[in-house]
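Shown next: work-v9.cif, containing mmCIF, C-alpha atoms and all ligand atoms.
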data_work
#
loop_
_atom_site.label_atom_id
_atom_site.label_comp_id
_atom_site.auth_asym_id
_atom_site.auth_seq_id
_atom_site.Cartn_x
_atom_site.Cartn_y
_atom_site.Cartn_z
CA MET A 7 0.00 0.00 0.00
CA THR A 8 2.99 2.30 0.41
CA THR A 9 6.71 2.50 -0.15
CA GLY A 10 6.99 4.99 2.70
CA ALA A 11 7.97 7.70 0.21
CA ASP A 12 4.51 8.40 -1.17
CA ILE A 13 2.26 11.43 -1.16
CA PRO A 14 -1.25 11.11 0.31
CA ALA A 15 -4.01 9.03 -1.29
CA LEU A 16 -7.44 9.23 0.32
CA VAL A 17 -10.22 6.80 -0.48
CA THR A 18 -12.88 7.82 2.08
CA ASP A 19 -14.00 10.93 3.92
CA ILE A 20 -11.70 11.73 6.84
CA PRO A 21 -12.26 10.18 9.30
CA GLY A 22 -13.58 7.20 7.39
CA PRO A 23 -16.29 4.80 8.59
CA ALA A 24 -13.91 2.23 10.07
CA SER A 25 -12.08 4.92 12.07
CA ARG A 26 -15.36 6.34 13.34
CA ALA A 27 -16.62 2.96 14.46
CA LEU A 28 -13.38 2.20 16.32
CA ILE A 29 -13.33 5.60 17.99
CA ASP A 30 -16.86 4.95 19.27
CA ARG A 31 -15.56 1.73 20.85
CA LEU A 32 -12.50 3.49 22.24
CA ALA A 33 -14.54 6.30 23.74
CA ALA A 34 -16.70 3.77 25.57
CA ARG A 35 -13.76 2.05 27.24
CA GLU A 36 -11.01 4.62 27.69
CA CYS A 37 -10.85 7.33 30.32
CA PRO A 38 -12.55 10.27 28.59
CA ALA A 39 -9.66 12.61 29.38
CA ILE A 40 -7.48 10.57 27.02
CA THR A 41 -9.51 9.75 23.92
CA ALA A 42 -8.85 12.45 21.36
CA ARG A 43 -12.52 13.19 20.78
CA ARG A 44 -12.64 16.55 22.36
CA ALA A 45 -15.39 19.06 22.85
CA ARG A 46 -12.63 21.69 23.06
CA ARG A 47 -11.60 20.94 19.50
CA ALA A 48 -15.13 20.62 18.28
CA SER A 49 -16.00 24.08 19.54
CA ALA A 50 -12.79 25.63 18.19
CA LEU A 51 -13.64 24.23 14.78
CA GLY A 52 -17.31 24.95 14.98
CA ALA A 53 -17.84 21.33 13.99
CA ALA A 54 -18.88 18.40 16.10
CA ASP A 55 -17.23 15.76 13.98
CA ASP A 56 -13.62 15.77 15.04
CA ASP A 57 -12.72 12.12 15.51
CA PRO A 58 -9.14 11.10 14.89
CA ILE A 59 -8.15 8.55 12.28
CA VAL A 60 -7.18 5.12 13.58
CA TRP A 61 -3.79 4.00 12.36
CA ALA A 62 -3.38 0.54 10.85
CA SER A 63 0.24 0.57 9.63
CA ALA A 64 3.09 2.94 8.87
CA LEU A 65 6.23 2.98 6.79
CA GLY A 66 8.75 5.77 6.27
CA ALA A 67 6.79 9.02 6.38
CA ASN A 68 3.50 7.31 5.45
CA VAL A 69 0.69 6.20 7.72
CA ILE A 70 -2.17 4.01 6.51
CA ASP A 71 -5.43 4.17 8.44
CA VAL A 72 -8.03 1.46 9.00
CA ASP A 73 -10.03 2.75 6.02
CA GLY A 74 -7.07 2.34 3.67
CA ASN A 75 -6.27 6.06 3.43
CA ARG A 76 -2.62 6.99 3.04
CA PHE A 77 -1.25 9.98 4.92
CA VAL A 78 2.08 11.76 5.20
CA ASP A 79 3.09 12.06 8.84
CA MET A 80 4.54 15.53 9.30
CA THR A 81 4.96 14.84 13.04
CA ALA A 82 6.99 11.59 12.84
CA GLY A 83 4.57 10.33 15.49
CA PHE A 84 5.38 13.05 18.09
CA GLY A 85 9.00 13.10 16.85
CA VAL A 86 9.57 9.40 17.52
CA ALA A 87 9.96 8.04 13.98
CA SER A 88 13.14 10.03 13.40
CA VAL A 89 14.40 7.52 10.82
CA GLY A 90 10.90 6.94 9.48
CA HIS A 91 8.26 4.55 10.72
CA ARG A 92 9.21 0.88 10.71
CA HIS A 93 12.76 1.40 9.43
CA PRO A 94 13.91 -2.06 8.26
CA ASP A 95 17.18 -2.00 10.26
CA VAL A 96 15.37 -0.96 13.43
CA VAL A 97 12.64 -3.55 12.94
CA ALA A 98 15.22 -6.27 12.26
CA ALA A 99 17.15 -5.39 15.42
CA GLY A 100 13.95 -5.43 17.49
CA CYS A 101 12.76 -8.75 16.01
CA LYS A 102 16.13 -10.39 16.56
CA GLN A 103 16.16 -9.27 20.17
CA LEU A 104 12.55 -10.42 20.71
CA GLN A 105 13.57 -13.86 19.56
CA THR A 106 16.50 -14.11 21.96
CA LEU A 107 15.83 -12.05 25.09
CA PRO A 108 12.86 -9.67 25.28
CA HIS A 109 13.20 -8.85 28.98
CA VAL A 110 15.81 -8.78 31.74
CA MET A 111 15.66 -7.53 35.30
CA GLY A 112 16.21 -3.78 35.52
CA ASP A 113 18.87 -3.01 38.09
CA ALA A 114 19.19 -6.63 39.28
CA PHE A 115 20.44 -8.41 36.14
CA PRO A 116 21.54 -6.58 32.98
CA ASP A 117 22.16 -7.98 29.51
CA LYS A 118 24.77 -6.99 26.96
CA THR A 119 22.56 -4.73 24.79
CA ARG A 120 22.09 -2.38 27.74
CA ILE A 121 25.83 -2.15 28.29
CA THR A 122 26.48 -1.57 24.57
CA LEU A 123 23.81 1.13 24.45
CA LEU A 124 25.22 2.93 27.50
CA GLU A 125 28.65 2.90 25.85
CA LYS A 126 27.16 4.19 22.58
CA LEU A 127 25.30 6.98 24.40
CA ALA A 128 28.54 8.04 26.08
CA GLU A 129 30.31 8.05 22.71
CA LYS A 130 27.60 10.09 20.94
CA THR A 131 26.78 12.55 23.74
CA GLY A 132 30.14 12.97 25.43
CA PHE A 133 28.42 12.39 28.80
CA ASP A 134 29.91 9.66 30.95
CA ARG A 135 26.97 7.87 32.52
CA ALA A 136 23.24 7.44 32.12
CA ILE A 137 20.04 6.28 33.77
CA LEU A 138 17.68 4.56 31.34
CA GLY A 139 13.91 4.87 31.51
CA SER A 140 10.85 4.14 29.43
CA SER A 141 9.38 7.57 28.67
CA GLY A 142 10.58 11.14 28.35
CA ALA A 143 8.96 11.92 31.70
CA ASP A 144 10.96 9.05 33.28
CA GLY A 145 14.15 10.67 32.00
CA VAL A 146 13.06 14.03 33.42
CA GLU A 147 12.38 12.43 36.82
CA ALA A 148 15.86 10.87 36.81
CA ALA A 149 17.43 14.20 35.81
CA LEU A 150 15.58 16.11 38.55
CA LYS A 151 16.66 13.56 41.15
CA THR A 152 20.24 13.85 39.87
CA GLY A 153 20.00 17.62 40.28
CA ARG A 154 18.82 17.18 43.87
CA MET A 155 21.61 14.72 44.62
CA MET A 156 24.36 16.81 43.08
CA SER A 157 23.35 20.27 44.29
CA GLY A 158 21.99 19.25 47.70
CA LYS A 159 19.22 21.82 47.18
CA SER A 160 15.50 21.30 46.58
CA GLY A 161 14.75 24.48 44.60
CA VAL A 162 14.15 24.05 40.87
CA LEU A 163 13.89 26.70 38.17
CA ALA A 164 11.76 25.84 35.16
CA PHE A 165 10.35 28.03 32.38
CA GLY A 166 6.96 29.17 31.18
CA GLY A 167 5.96 27.26 28.04
CA GLY A 168 8.35 24.40 28.88
CA TYR A 169 6.97 20.88 28.50
CA HIS A 170 8.64 18.04 30.38
CA GLY A 171 5.95 15.37 30.69
CA LEU A 172 3.05 14.71 33.01
CA SER A 173 4.22 12.35 35.76
CA TYR A 174 4.23 14.18 39.10
CA GLY A 175 7.89 15.25 39.18
CA ALA A 176 7.86 16.27 35.52
CA LEU A 177 4.44 17.91 35.83
CA ALA A 178 5.75 20.13 38.62
CA VAL A 179 8.25 21.66 36.15
CA THR A 180 5.93 21.79 33.13
CA GLY A 181 5.06 25.41 32.41
CA TYR A 182 3.20 24.73 29.17
CA HIS A 183 -0.60 24.97 29.62
CA ARG A 184 0.15 25.05 33.32
CA GLU A 185 -3.35 25.78 34.51
CA ALA A 186 -4.84 22.90 32.56
CA PHE A 187 -2.13 20.33 33.25
CA GLN A 188 -1.23 21.21 36.83
CA GLY A 189 -4.57 22.66 37.96
CA PRO A 190 -6.36 19.52 39.26
CA PHE A 191 -3.19 18.27 40.99
CA ILE A 192 -1.69 21.51 42.25
CA ASP A 193 -2.06 20.54 45.92
CA GLN A 194 0.09 17.46 45.34
CA LEU A 195 2.90 19.09 43.39
CA GLY A 196 5.17 20.45 46.09
CA HIS A 197 6.41 24.02 46.32
CA HIS A 198 9.95 23.62 45.12
CA VAL A 199 9.60 25.04 41.58
CA GLU A 200 9.95 28.63 40.41
CA TYR A 201 9.24 29.71 36.87
CA GLY A 202 11.27 32.06 34.71
CA LYS A 203 10.56 33.54 31.29
CA PHE A 204 12.04 31.42 28.52
CA GLY A 205 14.61 33.54 26.71
CA GLY A 206 14.07 36.40 29.20
CA LYS A 207 15.82 37.80 32.27
CA ILE A 208 17.28 34.99 34.35
CA PRO A 209 15.99 35.14 37.93
CA ASP A 210 18.09 34.99 41.10
CA LEU A 211 19.42 31.44 41.41
CA SER A 212 20.70 31.57 44.99
CA GLN A 213 17.98 29.19 46.26
CA ILE A 214 18.02 27.01 43.16
CA GLY A 215 19.63 23.57 42.97
CA THR A 216 18.47 22.51 39.49
CA VAL A 217 17.54 24.41 36.34
CA ILE A 218 15.61 22.51 33.68
CA VAL A 219 15.13 23.89 30.18
CA GLU A 220 14.51 22.80 26.60
CA PRO A 221 17.18 24.20 24.25
CA ILE A 222 14.28 24.87 21.85
CA GLN A 223 10.77 24.71 23.27
CA GLY A 224 8.74 22.13 21.38
CA ARG A 225 5.16 21.91 22.53
CA GLY A 226 5.51 25.49 23.75
CA GLY A 227 5.53 26.60 20.09
CA ILE A 228 8.94 25.74 18.54
CA VAL A 229 10.59 28.66 20.29
CA VAL A 230 14.33 29.27 19.88
CA PRO A 231 15.84 31.36 22.70
CA PRO A 232 17.91 34.43 21.79
CA PRO A 233 21.55 33.64 20.89
CA GLY A 234 23.73 33.48 23.98
CA TRP A 235 20.83 32.99 26.41
CA LEU A 236 21.57 29.32 27.11
CA GLY A 237 25.23 30.21 27.63
CA GLU A 238 24.28 32.90 30.11
CA LEU A 239 22.04 30.42 31.91
CA ALA A 240 24.92 27.93 32.10
CA ASP A 241 27.27 30.60 33.49
CA ARG A 242 24.74 31.64 36.12
CA CYS A 243 24.23 28.00 37.15
CA LYS A 244 27.95 27.48 37.45
CA ALA A 245 28.31 30.59 39.61
CA VAL A 246 25.90 29.23 42.26
CA GLY A 247 26.55 25.49 41.86
CA ALA A 248 23.12 24.80 40.32
CA VAL A 249 22.80 21.73 38.11
CA LEU A 250 21.79 22.53 34.53
CA VAL A 251 19.49 20.03 32.83
CA PHE A 252 18.74 20.25 29.11
CA ASP A 253 15.57 18.44 28.22
CA GLU A 254 16.42 17.20 24.72
CA VAL A 255 13.58 14.71 24.51
CA TYR A 256 12.32 16.63 21.45
CA THR A 257 15.50 18.28 20.14
CA GLY A 258 17.76 15.23 20.51
CA PHE A 259 18.96 12.69 17.99
CA GLY A 260 19.23 14.92 14.94
CA ARG A 261 15.93 16.77 15.06
CA THR A 262 17.62 20.19 14.87
CA GLY A 263 20.28 19.21 12.34
CA ASP A 264 23.00 18.26 14.83
CA TRP A 265 22.95 15.20 17.04
CA PHE A 266 21.84 17.30 20.01
CA GLY A 267 20.42 20.79 20.40
CA PHE A 268 23.15 21.94 22.78
CA GLU A 269 25.72 21.70 19.98
CA HIS A 270 24.31 24.79 18.22
CA GLU A 271 25.09 27.03 21.14
CA ASN A 272 28.09 25.04 22.29
CA VAL A 273 26.74 25.00 25.83
CA ARG A 274 27.07 21.76 27.75
CA PRO A 275 24.62 21.06 30.54
CA ASP A 276 25.39 18.75 33.48
CA VAL A 277 22.56 16.42 32.55
CA MET A 278 20.65 15.90 29.30
CA VAL A 279 17.35 14.06 28.88
CA LEU A 280 16.71 11.98 25.76
CA GLY A 281 13.66 10.08 24.54
CA LYS A 282 11.25 10.16 21.60
CA GLY A 283 13.43 9.51 18.50
CA MET A 284 16.00 7.51 20.44
CA ALA A 285 14.79 4.07 19.36
CA GLY A 286 12.67 4.79 16.28
CA GLY A 287 9.44 3.63 17.92
CA PHE A 288 10.23 1.78 21.14
CA PRO A 289 9.49 3.52 24.46
CA ILE A 290 12.92 4.15 25.91
CA SER A 291 14.59 7.23 27.37
CA ALA A 292 17.76 8.27 29.14
CA ALA A 293 19.09 10.90 31.48
CA VAL A 294 22.77 11.20 30.57
CA GLY A 295 25.17 13.17 32.70
CA THR A 296 28.71 14.02 33.60
CA ALA A 297 30.52 11.59 35.90
CA GLU A 298 30.33 14.25 38.62
CA ALA A 299 26.55 14.55 38.30
CA MET A 300 25.85 10.82 38.14
CA ASP A 301 28.34 9.88 40.83
CA ALA A 302 26.57 12.26 43.20
CA TRP A 303 24.03 9.44 43.60
CA GLY A 304 26.63 7.31 45.39
CA ALA A 305 27.03 3.58 44.87
CA SER A 306 24.14 1.13 45.01
CA GLN A 307 23.75 -0.35 48.49
CA GLY A 308 22.12 -3.45 47.08
CA GLU A 309 18.69 -1.84 46.79
CA ALA A 310 18.75 0.57 43.82
CA ILE A 311 17.08 3.79 44.96
CA HIS A 312 16.06 4.60 41.41
CA THR A 313 14.98 1.86 39.02
CA GLN A 314 11.99 0.36 37.25
CA THR A 315 10.83 -3.06 36.08
CA PHE A 316 11.62 -2.37 32.43
CA LEU A 317 14.85 -0.36 32.93
CA GLY A 318 17.16 -1.06 30.01
CA ASN A 319 14.67 -3.32 28.22
CA PRO A 320 16.77 -5.28 25.70
CA VAL A 321 14.38 -4.78 22.76
CA GLY A 322 14.49 -1.03 23.32
CA CYS A 323 18.28 -1.06 23.69
CA ALA A 324 18.71 -3.07 20.48
CA MET A 325 16.34 -0.78 18.57
CA ALA A 326 18.09 2.32 19.95
CA LEU A 327 21.45 0.99 18.79
CA ALA A 328 20.06 0.32 15.31
CA THR A 329 18.39 3.76 15.19
CA ILE A 330 21.61 5.52 16.18
CA ASN A 331 23.41 3.60 13.45
CA VAL A 332 20.86 4.70 10.82
CA LEU A 333 21.04 8.28 12.09
CA GLU A 334 24.77 8.36 11.29
CA SER A 335 23.89 8.62 7.60
CA VAL A 336 20.61 10.56 8.00
CA ILE A 337 21.66 13.46 10.25
CA PRO A 338 24.29 14.93 7.88
CA LYS A 339 21.50 15.63 5.33
CA VAL A 340 18.99 17.20 7.73
CA ASN A 341 20.17 20.79 7.41
CA GLU A 342 20.20 20.64 3.61
CA THR A 343 16.60 19.38 3.49
CA ALA A 344 15.56 21.88 6.14
CA GLU A 345 17.16 24.86 4.37
CA TRP A 346 15.62 23.93 1.04
CA PHE A 347 12.19 23.50 2.61
CA ARG A 348 12.51 26.73 4.59
CA GLY A 349 13.31 28.50 1.31
CA LEU A 350 10.13 27.15 -0.28
CA LEU A 351 8.08 28.20 2.74
CA ALA A 352 9.58 31.69 2.65
CA GLU A 353 8.89 31.98 -1.09
CA ARG A 354 5.26 31.26 -0.40
CA GLY A 355 5.11 33.89 2.32
CA TYR A 356 5.25 31.79 5.49
CA THR A 357 7.12 32.80 8.64
CA VAL A 358 8.92 29.83 10.12
CA ARG A 359 10.53 29.31 13.53
CA GLY A 360 12.83 26.58 14.74
CA ARG A 361 15.95 24.82 13.61
CA GLY A 362 16.64 21.85 11.34
CA LEU A 363 13.54 19.71 10.88
CA MET A 364 11.91 21.11 14.00
CA MET A 365 9.84 23.89 12.47
CA GLY A 366 6.93 26.03 13.54
CA ILE A 367 4.93 27.74 10.80
CA GLU A 368 3.23 30.81 12.26
CA ILE A 369 -0.39 30.70 11.19
CA ASN A 370 -3.79 31.87 12.39
CA ASN A 371 -5.98 29.16 13.83
CA ALA A 372 -3.39 26.38 13.59
CA LEU A 373 -5.88 24.00 15.20
CA ALA A 374 -8.42 24.32 12.40
CA VAL A 375 -5.67 24.33 9.76
CA SER A 376 -4.22 21.10 11.16
CA ARG A 377 -7.66 19.52 11.02
CA GLY A 378 -8.11 20.72 7.43
CA LEU A 379 -4.71 19.27 6.52
CA LEU A 380 -5.72 15.90 7.95
CA GLY A 381 -8.62 15.98 5.51
CA ARG A 382 -6.02 16.48 2.75
CA GLY A 383 -3.87 13.60 3.93
CA PHE A 384 -1.29 15.26 6.22
CA ILE A 385 -0.82 14.51 9.89
CA VAL A 386 0.33 17.69 11.59
CA LEU A 387 -0.20 19.20 15.04
CA PRO A 388 -0.55 22.74 16.35
CA ALA A 389 1.85 23.91 19.07
CA GLY A 390 2.19 26.90 21.37
CA GLU A 391 0.12 28.20 24.27
CA GLN A 392 -2.30 29.82 21.82
CA ALA A 393 -1.86 27.14 19.12
CA GLU A 394 -0.04 29.83 17.20
CA VAL A 395 2.10 27.55 15.04
CA LEU A 396 1.82 24.40 13.00
CA ALA A 397 4.63 22.21 14.34
CA LEU A 398 6.48 20.25 11.68
CA THR A 399 8.75 17.44 12.87
CA PRO A 400 8.66 14.97 9.96
CA PRO A 401 10.90 11.92 9.78
CA LEU A 402 14.44 13.20 9.24
CA ASN A 403 14.59 11.25 5.96
CA VAL A 404 11.28 12.57 4.63
CA ILE A 405 11.20 12.73 0.82
CA ASP A 406 11.27 16.09 -1.02
CA SER A 407 8.09 15.32 -2.98
CA GLN A 408 6.26 14.67 0.29
CA LEU A 409 7.30 18.09 1.59
CA VAL A 410 6.26 19.81 -1.64
CA SER A 411 2.86 18.12 -1.59
CA PHE A 412 2.46 19.29 2.01
CA LEU A 413 3.14 22.87 0.93
CA ASP A 414 0.52 22.67 -1.80
CA ALA A 415 -2.02 21.36 0.70
CA LEU A 416 -1.11 24.10 3.19
CA ASP A 417 -1.57 26.78 0.53
CA ALA A 418 -4.93 25.31 -0.40
CA GLU A 419 -5.98 25.17 3.25
CA ARG A 420 -4.86 28.73 3.92
CA THR A 421 -6.93 30.23 1.10
C1 LIG B 1 10.77 18.26 25.70
C2 LIG B 1 9.94 17.14 26.22
N1 LIG B 1 10.28 16.57 27.39
C3 LIG B 1 9.60 15.54 27.91
C4 LIG B 1 8.50 15.03 27.25
C5 LIG B 1 7.73 13.90 27.87
O1 LIG B 1 7.96 12.74 27.16
P1 LIG B 1 6.94 11.51 27.32
O2 LIG B 1 5.65 11.95 26.74
O3 LIG B 1 7.61 10.40 26.56
O4 LIG B 1 6.85 11.22 28.78
C6 LIG B 1 8.12 15.58 26.02
C7 LIG B 1 6.96 15.06 25.29
O5 LIG B 1 6.44 15.65 24.38
C8 LIG B 1 8.85 16.66 25.49
O6 LIG B 1 8.53 17.24 24.33
#
Would you put the structure from the file into structure tokens?
Amino acid sequence: MTTGADIPALVTDIPGPASRALIDRLAARECPAITARRARRASALGAADDDPIVWASALGANVIDVDGNRFVDMTAGFGVASVGHRHPDVVAAGCKQLQTLPHVMGDAFPDKTRITLLEKLAEKTGFDRAILGSSGADGVEAALKTGRMMSGKSGVLAFGGGYHGLSYGALAVTGYHREAFQGPFIDQLGHHVEYGKFGGKIPDLSQIGTVIVEPIQGRGGIVVPPPGWLGELADRCKAVGAVLVFDEVYTGFGRTGDWFGFEHENVRPDVMVLGKGMAGGFPISAAVGTAEAMDAWGASQGEAIHTQTFLGNPVGCAMALATINVLESVIPKVNETAEWFRGLLAERGYTVRGRGLMMGIEINNALAVSRGLLGRGFIVLPAGEQAEVLALTPPLNVIDSQLVSFLDALDAERT
């Protein structure tokens, strides 16, 4: 049905009848806060029919839904399918691992893939040690705990518009849509977090032990801080002994044209959080850090004080290793594709934020436009507190013709 390099082909209305029927079943059985059938969206669009499509398969930048419609995924599945969906090398590595050892025992008994991955992460990031997890939020939790261990202080500085995940520790530092995300839980979130303005004046850090920041805000609207701001933040942290954490869950693994976002500004944090595109589709994450930061935890006393059942899952480790290997040949071409595409967008009068293939197209009513684009065969999400941009994070090896067809659809949707 697809080579992975195809432009959209729709055979039903969007969503089609099979998607609608499945979403009815989903809505009956899933917590209503999760199913993406939202009154909020319906009212913003002035239309009641806002069901999602149900995915059946995916390859490269293409997604096929249960009605047989073919889409181009301009999100890479929330930035996960960095080397494209179902990359053959990544699938092969995962299948091979599934057939030999799908599970080991977290901190108690490791296997060799975990050790190889930790060595590979050290080689690619330049950070000495890591704590593996299963989600981006897991990585953030590990990074925040590392900050507490290393600095000895409880105070944390986070930034408005920053998104770090929704588990309790991560939620406490998530400034994006704070009222909505934190509101119902605010009395269980502690009082250790202060918020600064992303890209703005850096507050007094004397009471702060950990500073957590995205080098480019993703969900917050693809916002790049002013040049030098991250460097100033790093200097201020150093001056007071605060631990600097870069949350590179979104920006990591080639998304911005370099392996990691920090390389653009040449500012090294103490700890960096990785996730999303790390394993091309398997839920795995890491908090990587300097030896000084990680060794602040002290040695295990037999009972690991930070672990989880699936820590270092071998299938995830094998897929991450394969993904990193594919990225070696994909990342060097990201900037070229991005510059070419940016040029086309500029020619057609669009204002674009971001870096590499992490782009935000400034547009009125991005929510409605994204819905319209779905109806034309493109999966794309709005971002920003006011949904002020269309966020584009396609697979890093997206095909030129897929990008051009997206532009044509965007033009048609805009007029
Ligand atoms: C920068 C950043 N950090 C952390 C997270 C949380 O990751 P997860 O949803 O895998 O927990 C996200 C998710 O979008 C993110 O963009």
Counting all atoms listed in the file, the option among A:Phe204, A:Tyr169, A:Phe115, A:Phe187 closest to ligand LIG 1 (chain B):
A:Tyr169
Which one is closest to Arg92 (chain A): A:Gln408, A:Gln223, A:Thr329, A:Thr343? Count all atoms listed in the file.
A:Thr329
Residue neighbourhood Arg354 (chain A), 9 Å, only C-alpha atoms, exclusion window fewer than 4 positions, as a ChimeraX atom specification:
/A:349-350,413,417
What residues have any atom no more than 9 Å from ligand LIG 1 (chain B) when counting all atoms listed in the file, and can you list them as JSON, numbers by chain?
{"A": [84, 85, 140, 141, 142, 143, 144, 145, 146, 168, 169, 170, 171, 172, 173, 176, 180, 219, 220, 221, 222, 223, 224, 225, 226, 252, 253, 254, 255, 256, 257, 279, 280, 281, 282, 289, 290, 291]}
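Rounded to one decimal, CA of Gln213 (chain A) and CA of Leu239 (chain A) lie 15.0 Å from each other.
Computed from the coordinates, the CA of Asp56 (chain A) to CA of Ala24 (chain A) distance equals 14.4 Å.
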Just the residues within 6 Å of Leu250 (chain A), please, counting only C-alpha atoms, with nothing from its chain fewer than 6 positions along; format it as a PDB file with C-alpha atoms, in the frame of the given file.
ATOM      1  CA  THR A 216      18.470  22.510  39.490  1.00  0.00           C
ATOM      2  CA  VAL A 217      17.540  24.410  36.340  1.00  0.00           C
ATOM      3  CA  PRO A 275      24.620  21.060  30.540  1.00  0.00           C
ATOM      4  CA  ASP A 276      25.390  18.750  33.480  1.00  0.00           C
TER       5      ASP A 276
END
Among A:Gly196, A:Pro231, A:Gly90, A:Gly295, Leu402 (chain A) is approached most closely, using all atoms listed in the file, by A:Gly90
For Glu271 (chain A), work out the shell of residues within 9 Å, counting only C-alpha atoms and skipping chain neighbours fewer than 5 positions away, then give it as a ChimeraX atom specification.
/A:221,233-234,236-237
Requested write-out: C-alpha atoms of the selected residues, as a compact mmCIF listing (two decimals), keeping the file's coordinate frame:
# COMPACT_ATOMS: atom_id res chain seq x y z
CA PRO A 221 17.18 24.20 24.25
CA PRO A 233 21.55 33.64 20.89
CA GLY A 234 23.73 33.48 23.98
CA LEU A 236 21.57 29.32 27.11
CA GLY A 237 25.23 30.21 27.63
Tell me which protein, DNA and RNA residues are within 7 Å of region 359-361 of chain A, counting all atoms listed in the file, leaving out same-chain ones fewer than 3 positions away, and put them as an NGL selection string.
:A and (228-230 or 262 or 364-367)
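Counting from CA of Asp134 (chain A), the distance to CA of Thr296 (chain A) is 5.2 Å.
Omitting region 382-389 of chain A and its sequence neighbours fewer than 6 positions away, and counting all atoms listed in the file, the residues within 6 Å are Pro14, Phe77, Val78, Asp79, Met80, Thr81, Arg225, Gly227, Ala372, Leu373, Ser376, Val395, Leu396 and Ala397 of chain A.
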Counting only C-alpha atoms, figure out which residue out of A:Ile311, A:Met7, A:Ile208, A:Gly66 gets nearest to His91 (chain A).
A:Gly66
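With all atoms listed in the file as the atoms that count, the minimum distance from Leu124 (chain A) to the choices A:Ala136, A:Val89, A:Ala240, A:Val375 is reached by A:Ala136.
Among the candidates A:Leu211, A:Val358, A:Leu379, A:Ala87, the residue lying nearest to Asp241 (chain A) is A:Leu211 (atoms considered: all atoms listed in the file).
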Given 8 Å of margin on each side, can you work out the centre and size in Å (one decimal) of an axis-aligned box holding every listed atom of region 55-67 of chain A, as JSON?
{"center_x": -4.2, "center_y": 8.2, "center_z": 10.9, "size_x": 42.0, "size_y": 31.2, "size_z": 25.2}
Set out as JSON lines a contact list for region 299-348 of chain A and region 99-113 of chain A with a cut-off of 8 Å, giving each residue of region 299-348 of chain A that qualifies its closest atom pair and distance in Å to one decimal, counting all atoms listed in the file, ordered by chain and rising residue number.
{"residue": "A:Ala310", "atom": "CA", "partner": "A:Asp113", "partner_atom": "CA", "distance": 6.8}
{"residue": "A:Thr313", "atom": "CA", "partner": "A:Asp113", "partner_atom": "CA", "distance": 6.3}
{"residue": "A:Gln314", "atom": "CA", "partner": "A:Gly112", "partner_atom": "CA", "distance": 6.2}
{"residue": "A:Thr315", "atom": "CA", "partner": "A:Gly112", "partner_atom": "CA", "distance": 5.5}
{"residue": "A:Phe316", "atom": "CA", "partner": "A:Gly112", "partner_atom": "CA", "distance": 5.7}
{"residue": "A:Leu317", "atom": "CA", "partner": "A:Gly112", "partner_atom": "CA", "distance": 4.5}
{"residue": "A:Gly318", "atom": "CA", "partner": "A:Gly112", "partner_atom": "CA", "distance": 6.2}
{"residue": "A:Asn319", "atom": "CA", "partner": "A:His109", "partner_atom": "CA", "distance": 5.8}
{"residue": "A:Pro320", "atom": "CA", "partner": "A:Pro108", "partner_atom": "CA", "distance": 5.9}
{"residue": "A:Val321", "atom": "CA", "partner": "A:Gly100", "partner_atom": "CA", "distance": 5.3}
{"residue": "A:Gly322", "atom": "CA", "partner": "A:Gly100", "partner_atom": "CA", "distance": 7.3}
{"residue": "A:Ala324", "atom": "CA", "partner": "A:Ala99", "partner_atom": "CA", "distance": 5.8}
{"residue": "A:Met325", "atom": "CA", "partner": "A:Gly100", "partner_atom": "CA", "distance": 5.3}
{"residue": "A:Ala328", "atom": "CA", "partner": "A:Ala99", "partner_atom": "CA", "distance": 6.4}
Take the point (-5.7, 12.4, -1.1) as written in the file and pick out every residue within 10 Å of it, counting all atoms listed in the file; give the list as an mmCIF file with C-alpha atoms, in the coordinates of the input.
data_model
loop_
_atom_site.group_PDB
_atom_site.id
_atom_site.type_symbol
_atom_site.label_atom_id
_atom_site.label_comp_id
_atom_site.auth_asym_id
_atom_site.auth_seq_id
_atom_site.Cartn_x
_atom_site.Cartn_y
_atom_site.Cartn_z
ATOM 1 C CA ILE A 13 2.260 11.430 -1.160
ATOM 2 C CA PRO A 14 -1.250 11.110 0.310
ATOM 3 C CA ALA A 15 -4.010 9.030 -1.290
ATOM 4 C CA LEU A 16 -7.440 9.230 0.320
ATOM 5 C CA VAL A 17 -10.220 6.800 -0.480
ATOM 6 C CA THR A 18 -12.880 7.820 2.080
ATOM 7 C CA ASP A 19 -14.000 10.930 3.920
ATOM 8 C CA ILE A 20 -11.700 11.730 6.840
ATOM 9 C CA ASN A 75 -6.270 6.060 3.430
ATOM 10 C CA ARG A 76 -2.620 6.990 3.040
ATOM 11 C CA PHE A 77 -1.250 9.980 4.920
ATOM 12 C CA LEU A 380 -5.720 15.900 7.950
ATOM 13 C CA GLY A 381 -8.620 15.980 5.510
ATOM 14 C CA ARG A 382 -6.020 16.480 2.750
ATOM 15 C CA GLY A 383 -3.870 13.600 3.930
ATOM 16 C CA PHE A 384 -1.290 15.260 6.220
ATOM 17 C CA ALA A 415 -2.020 21.360 0.700
#
